[in-house]
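J.: Quick one, protein.cif (mmCIF, C-alpha atoms):
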data_upload
loop_
_atom_site.label_atom_id
_atom_site.label_comp_id
_atom_site.auth_asym_id
_atom_site.auth_seq_id
_atom_site.Cartn_x
_atom_site.Cartn_y
_atom_site.Cartn_z
CA THR A 1 2.56 -9.91 9.64
CA LEU A 2 1.08 -10.59 6.19
CA GLU A 3 -0.85 -13.56 7.56
CA SER A 4 -2.15 -11.45 10.45
CA MET A 5 -3.22 -8.60 8.18
CA SER A 6 -5.07 -11.06 5.95
CA GLN A 7 -7.43 -11.48 8.92
CA ALA A 8 -8.25 -7.74 8.91
CA VAL A 9 -10.97 -8.29 6.33
CA TRP A 10 -13.13 -5.27 7.18
CA TYR A 11 -10.15 -2.90 7.20
CA ASN A 12 -8.82 -4.24 3.90
CA ARG A 13 -12.20 -3.70 2.23
CA TRP A 14 -12.53 -0.22 3.77
CA THR A 15 -9.11 0.68 2.34
CA LEU A 16 -10.06 -0.68 -1.07
CA GLU A 17 -13.21 1.44 -1.11
CA LYS A 18 -11.03 4.56 -0.87
CA PHE A 19 -9.66 4.01 -4.38
CA ASN A 20 -11.95 1.42 -5.97
CA LYS A 21 -13.34 3.86 -8.55
CA TYR A 22 -9.85 4.38 -10.01
CA LEU A 23 -9.38 0.69 -10.83
CA ASN A 24 -9.83 -0.15 -14.48
CA GLY A 25 -8.19 -1.64 -17.56
CA GLN A 26 -4.68 -2.98 -17.18
CA ILE A 27 -3.86 -3.02 -13.45
CA LEU A 28 -0.43 -3.62 -11.93
CA GLU A 29 -0.16 -4.54 -8.26
CA VAL A 30 3.35 -3.86 -6.95
CA GLY A 31 4.39 -5.92 -3.94
CA CYS A 32 1.38 -8.23 -3.91
CA GLY A 33 2.70 -10.25 -0.97
CA ILE A 34 0.52 -13.30 -0.33
CA GLY A 35 -2.36 -11.78 -2.28
CA ASN A 36 -4.36 -10.03 0.45
CA PHE A 37 -5.58 -7.41 -2.06
CA SER A 38 -5.02 -9.35 -5.29
CA GLU A 39 -8.35 -11.17 -5.07
CA TYR A 40 -10.23 -7.86 -4.97
CA LEU A 41 -8.12 -6.18 -7.66
CA ALA A 42 -8.54 -9.08 -10.07
CA SER A 43 -12.29 -8.42 -10.18
CA SER A 44 -11.75 -4.79 -11.26
CA GLY A 45 -9.60 -5.22 -14.37
CA ASN A 46 -6.87 -7.24 -16.04
CA LEU A 47 -4.49 -7.75 -13.13
CA THR A 48 -0.75 -8.28 -13.22
CA ALA A 49 0.84 -8.72 -9.78
CA ILE A 50 4.53 -8.68 -8.85
CA ASP A 51 6.67 -9.33 -5.80
CA ILE A 52 10.35 -10.04 -5.10
CA ASN A 53 9.65 -12.95 -2.74
CA GLN A 54 9.10 -16.28 -4.50
CA ASP A 55 7.26 -17.79 -1.53
CA TYR A 56 4.79 -14.89 -1.55
CA ILE A 57 4.35 -15.27 -5.30
CA LYS A 58 3.38 -18.92 -4.86
CA GLU A 59 0.80 -18.03 -2.19
CA ALA A 60 -0.65 -15.20 -4.29
CA ARG A 61 -0.96 -17.52 -7.30
CA LYS A 62 -2.97 -19.96 -5.17
CA LYS A 63 -5.38 -17.20 -4.18
CA VAL A 64 -6.01 -15.68 -7.60
CA GLY A 65 -5.61 -18.74 -9.81
CA LYS A 66 -6.07 -17.84 -13.47
CA ARG A 67 -7.66 -14.47 -12.69
CA ALA A 68 -4.28 -12.69 -12.74
CA GLU A 69 -0.69 -12.97 -13.95
CA VAL A 70 1.61 -13.20 -10.92
CA GLY A 71 5.40 -13.18 -11.09
CA PHE A 72 8.69 -11.66 -10.06
CA GLY A 73 9.13 -7.91 -10.06
CA ASP A 74 11.63 -5.53 -8.47
CA ILE A 75 10.27 -1.99 -8.73
CA GLU A 76 13.47 -0.49 -7.28
CA LYS A 77 15.71 -2.03 -9.96
CA GLY A 78 13.12 -1.97 -12.73
CA LYS A 79 13.18 -5.72 -13.38
CA TYR A 80 9.95 -7.62 -14.07
CA PHE A 81 8.80 -11.01 -15.30
CA PHE A 82 6.94 -9.29 -18.13
CA ARG A 83 8.59 -7.45 -20.99
CA SER A 84 9.21 -3.79 -20.13
CA PRO A 85 8.10 -1.13 -20.95
CA ARG A 86 4.46 -2.11 -20.59
CA GLY A 87 1.80 0.51 -20.06
CA PHE A 88 -0.70 0.14 -17.25
CA ASP A 89 -3.88 2.13 -16.69
CA THR A 90 -3.61 1.81 -12.91
CA ILE A 91 -0.79 0.85 -10.55
CA VAL A 92 -1.57 -0.14 -6.98
CA CYS A 93 1.29 0.02 -4.48
CA ILE A 94 0.11 -0.76 -0.95
CA ASN A 95 2.57 -0.80 1.97
CA VAL A 96 5.57 -1.43 -0.27
CA LEU A 97 7.51 1.83 -0.75
CA GLU A 98 8.66 1.93 2.88
CA HIS A 99 10.45 -1.42 2.36
CA ILE A 100 12.57 -0.04 -0.50
CA ARG A 101 15.93 1.58 0.22
CA ASP A 102 15.92 3.79 -2.89
CA ASP A 103 12.29 4.82 -2.89
CA GLU A 104 12.90 7.68 -5.34
CA ALA A 105 14.07 5.18 -7.98
CA ALA A 106 10.98 3.09 -7.29
CA LEU A 107 8.66 6.09 -7.74
CA LYS A 108 10.30 6.92 -11.08
CA ASN A 109 9.87 3.32 -12.23
CA LEU A 110 6.22 3.41 -11.21
CA TYR A 111 5.80 6.55 -13.31
CA ASN A 112 7.47 4.92 -16.32
CA LEU A 113 5.20 1.85 -16.15
CA LEU A 114 2.03 3.94 -16.41
CA LYS A 115 0.28 4.89 -19.60
CA PRO A 116 -0.17 8.64 -20.22
CA LYS A 117 -2.87 9.82 -17.76
CA GLY A 118 -2.56 6.50 -15.91
CA MET A 119 -3.29 6.49 -12.18
CA LEU A 120 -1.01 5.58 -9.28
CA ILE A 121 -2.61 4.45 -6.02
CA LEU A 122 0.03 4.73 -3.33
CA HIS A 123 -0.47 3.66 0.29
CA VAL A 124 2.38 4.07 2.80
CA PRO A 125 2.85 4.34 6.59
CA ALA A 126 2.57 7.86 7.99
CA HIS A 127 4.43 9.97 10.55
CA PRO A 128 8.11 9.35 11.42
CA PHE A 129 7.26 9.77 15.13
CA LEU A 130 5.25 6.52 14.93
CA TYR A 131 8.33 4.56 13.82
CA GLY A 132 8.85 1.83 16.40
CA SER A 133 9.85 -1.75 17.03
CA ILE A 134 7.33 -3.24 14.63
CA ASP A 135 8.52 -0.99 11.79
CA ALA A 136 12.12 -2.01 12.38
CA SER A 137 11.36 -5.72 12.65
CA ILE A 138 9.31 -5.91 9.43
CA GLY A 139 11.86 -4.03 7.34
CA HIS A 140 10.52 -0.49 7.18
CA TYR A 141 13.21 2.00 6.21
CA ARG A 142 10.95 4.95 7.02
CA ARG A 143 7.49 6.34 7.63
CA TYR A 144 6.37 9.26 5.46
CA ILE A 145 5.46 12.91 5.83
CA LEU A 146 2.49 13.73 3.60
CA LYS A 147 3.78 17.06 2.22
CA LYS A 148 7.25 15.69 1.42
CA LEU A 149 5.84 12.68 -0.40
CA ILE A 150 3.52 14.88 -2.45
CA SER A 151 6.50 17.08 -3.36
CA SER A 152 8.51 14.06 -4.53
CA LEU A 153 5.65 12.83 -6.72
CA VAL A 154 5.07 16.25 -8.29
CA GLN A 155 8.79 16.60 -9.11
CA ILE A 156 8.70 13.27 -10.95
CA GLY A 157 5.73 14.46 -13.02
CA PHE A 158 2.60 13.32 -11.22
CA LYS A 159 -0.53 15.39 -10.73
CA ILE A 160 -2.08 14.78 -7.30
CA HIS A 161 -5.78 13.91 -7.34
CA LYS A 162 -6.22 12.95 -3.70
CA ALA A 163 -3.96 12.86 -0.64
CA LYS A 164 -5.07 12.07 2.88
CA ARG A 165 -4.16 10.37 6.12
CA LEU A 166 -6.06 7.22 7.07
CA ASN A 167 -6.80 5.18 10.18
CA PHE A 168 -6.59 7.40 13.27
CA ILE A 169 -7.38 4.54 15.67
CA GLY A 170 -4.69 2.42 14.03
CA ALA A 171 -2.13 5.18 14.63
CA VAL A 172 -2.96 5.25 18.33
CA GLY A 173 -2.67 1.48 18.57
CA TRP A 174 0.56 1.42 16.56
CA PHE A 175 2.12 3.99 18.90
CA ILE A 176 1.12 2.06 22.03
CA VAL A 177 2.15 -1.36 20.73
CA GLY A 178 5.39 -0.25 19.08
CA LYS A 179 6.59 2.37 21.56
CA PHE A 180 5.40 1.06 24.93
CA PHE A 181 5.05 -2.70 24.53
CA LYS A 182 7.93 -2.91 22.01
CA ASP A 183 6.15 -5.62 20.02
CA LYS A 184 8.01 -6.77 16.92
CA GLU A 185 5.06 -8.13 14.97
CA VAL A 186 1.39 -7.51 14.37
CA LYS A 187 -0.19 -10.27 16.42
CA GLU A 188 -3.48 -11.90 15.48
CA ASN A 189 -5.09 -11.19 18.85
CA LYS A 190 -4.51 -7.45 18.35
CA ILE A 191 -5.89 -7.70 14.81
CA SER A 192 -9.03 -9.30 16.29
CA ILE A 193 -9.45 -6.34 18.66
CA PHE A 194 -8.87 -3.91 15.78
CA ASN A 195 -11.48 -5.75 13.67
CA PHE A 196 -13.97 -5.33 16.52
CA VAL A 197 -13.53 -1.57 17.03
CA SER A 198 -12.51 -0.40 13.56
CA PRO A 199 -15.96 -0.33 11.88
CA VAL A 200 -17.11 2.44 14.24
CA PHE A 201 -13.94 4.57 14.20
CA LEU A 202 -13.18 4.16 10.51
CA SER A 203 -16.77 4.94 9.54
CA LEU A 204 -16.33 8.28 11.33
CA GLU A 205 -13.32 8.99 9.10
CA ASN A 206 -15.68 9.01 6.14
CA LEU A 207 -17.16 12.17 7.69
CA ILE A 208 -14.23 13.73 9.57
CA LYS A 209 -10.70 14.22 8.28
CA PRO A 210 -8.31 12.84 10.93
CA PRO A 211 -5.28 14.93 12.02
CA ILE A 212 -3.07 11.84 12.15
CA GLY A 213 -3.28 8.33 10.78
CA THR A 214 -1.30 5.17 10.56
CA SER A 215 -1.20 5.50 6.76
CA ILE A 216 -1.14 7.94 3.85
CA LEU A 217 -3.18 7.38 0.71
CA ILE A 218 -2.23 9.29 -2.43
CA ILE A 219 -3.90 9.00 -5.81
CA ALA A 220 -1.79 10.59 -8.53
CA GLN A 221 -1.97 10.78 -12.31
CA LYS A 222 0.83 10.62 -14.87
CA ARG A 223 0.93 14.00 -16.63
CA LYS A 224 2.72 13.25 -19.90
CA ALA A 225 3.80 10.50 -22.29
#
Mind turning this structure into structure tokens?

T.:
Amino acid sequence: TLESMSQAVWYNRWTLEKFNKYLNGQILEVGCGIGNFSEYLASSGNLTAIDINQDYIKEARKKVGKRAEVGFGDIEKGKYFFRSPRGFDTIVCINVLEHIRDDEAALKNLYNLLKPKGMLILHVPAHPFLYGSIDASIGHYRRYILKKLISSLVQIGFKIHKAKRLNFIGAVGWFIVGKFFKDKEVKENKISIFNFVSPVFLSLENLIKPPIGTSILIIAQKRKA
């Protein structure tokens, strides 16, 4: 799935544009995978990237070279290759929280790793009704409801700057592929189709707020020290 999504170049850049202006200073990427976003993030600040999978870490290191520090990190248990606590200006957590059993613990650890007034960029899958065979096969514990996730973040101490659903066309495709065809992976041929149609549909989302989406994007700020 990570290899397939690395081919979704236009979509990855479109997603990055949604939060690019919040990237600065010391940046932590949580769950960097094989480095699909790491290359972009490394050009926006001093990047540290973590993952729990050693094979992914090796691949990410190949992509970013000396432009970032990449190593082991478990955001659920609060264990990292760097010395903790370490304050970051921005934390980017893209499609990671849904893979964590105790996501509340992970959110609290994200909060603790931020500097005062630091920014969290959180991207997760949306809508429990979209949960299907692909979600199950790639280790998703859940898909999220926007209001409930906002409530959890506010209780921890975050101030919400932006919260929105993204990728309406992706939600339709995810429902068809996961519910009707019962696919268990994101196949490259379907990514190619998505790459072809997504520029038109996703450009419309810059003008019209979609009622549903395959993902939720939240940008939140740490309130206190």

J.: Measuring atom to atom with only C-alpha atoms, identify which of A:Leu166, A:Lys209, A:Ile27, A:Phe82 is nearest to Trp14 (chain A).

T.: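 Going through A:Leu166, A:Lys209, A:Ile27, A:Phe82 one by one, the smallest distance to Trp14 (chain A) is for A:Leu166.
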
J.: Determine the residue membership of the PyMOL selection byres ((chain A and resi 127) around 12) for the file above and supply it as a PyMOL selection string.

T.: chain A and resi 98+124-126+128-132+135+142-149+165-166+168+171-172+174-175+211-216

J.: Can you work out which one of A:Lys77, A:Arg223, A:His123, A:His140 has the shortest atom-to-atom distance to Leu16 (chain A), counting all atoms listed in the file?

T.: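 Of A:Lys77, A:Arg223, A:His123, A:His140, the one nearest Leu16 (chain A), counting all atoms listed in the file, is A:His123.
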
J.: Which residue is closest to Gly25 (chain A)? Choose from A:Leu114, A:Ala136, A:Leu97, A:Val70 and count all atoms listed in the file.

T.: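 Smallest distance to Gly25 (chain A) is found for A:Leu114.
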
J.: Tell me, as JSON, numbers by chain, which residues lie within 9 Å of region 155-157 of chain A, counting all atoms listed in the file; anything in the same chain fewer than 6 positions away does not count.

T.: {"A": [104, 107, 108, 111, 221, 222, 223, 224]}

J.: Quick one: residues within 9 Å of Phe37 (chain A), only C-alpha atoms counted, chain neighbours fewer than 5 positions away excluded, as a list in words?

T.: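 Counting only C-alpha atoms, the residues come to Ser6, Asn12, Arg13, Leu16, Glu29, Cys32, Ala42 and Ile94 of chain A.
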
J.: May I have the selected residues written with C-alpha atoms, as a CSV table (one decimal), in the frame of the given file?

T.:
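See part_36.csv below for the written result:
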chain,number,residue,atom,x,y,z
A,6,SER,CA,-5.1,-11.1,6.0
A,12,ASN,CA,-8.8,-4.2,3.9
A,13,ARG,CA,-12.2,-3.7,2.2
A,16,LEU,CA,-10.1,-0.7,-1.1
A,29,GLU,CA,-0.2,-4.5,-8.3
A,32,CYS,CA,1.4,-8.2,-3.9
A,42,ALA,CA,-8.5,-9.1,-10.1
A,94,ILE,CA,0.1,-0.8,-1.0

J.: How big is the axis-aligned box around all listed atoms of region 123-139 of chain A once 6 Å goes on each side, and where's its centre, in Å to one decimal, as JSON?

T.:
{"center_x": 5.8, "center_y": 2.0, "center_z": 8.7, "size_x": 24.6, "size_y": 27.9, "size_z": 28.7}

J.: If the PyMOL selection byres ((chain A and resi 65-67) around 12) is run on the structure shown, which residues does it catch, given as a count of residues only?

T.: 24
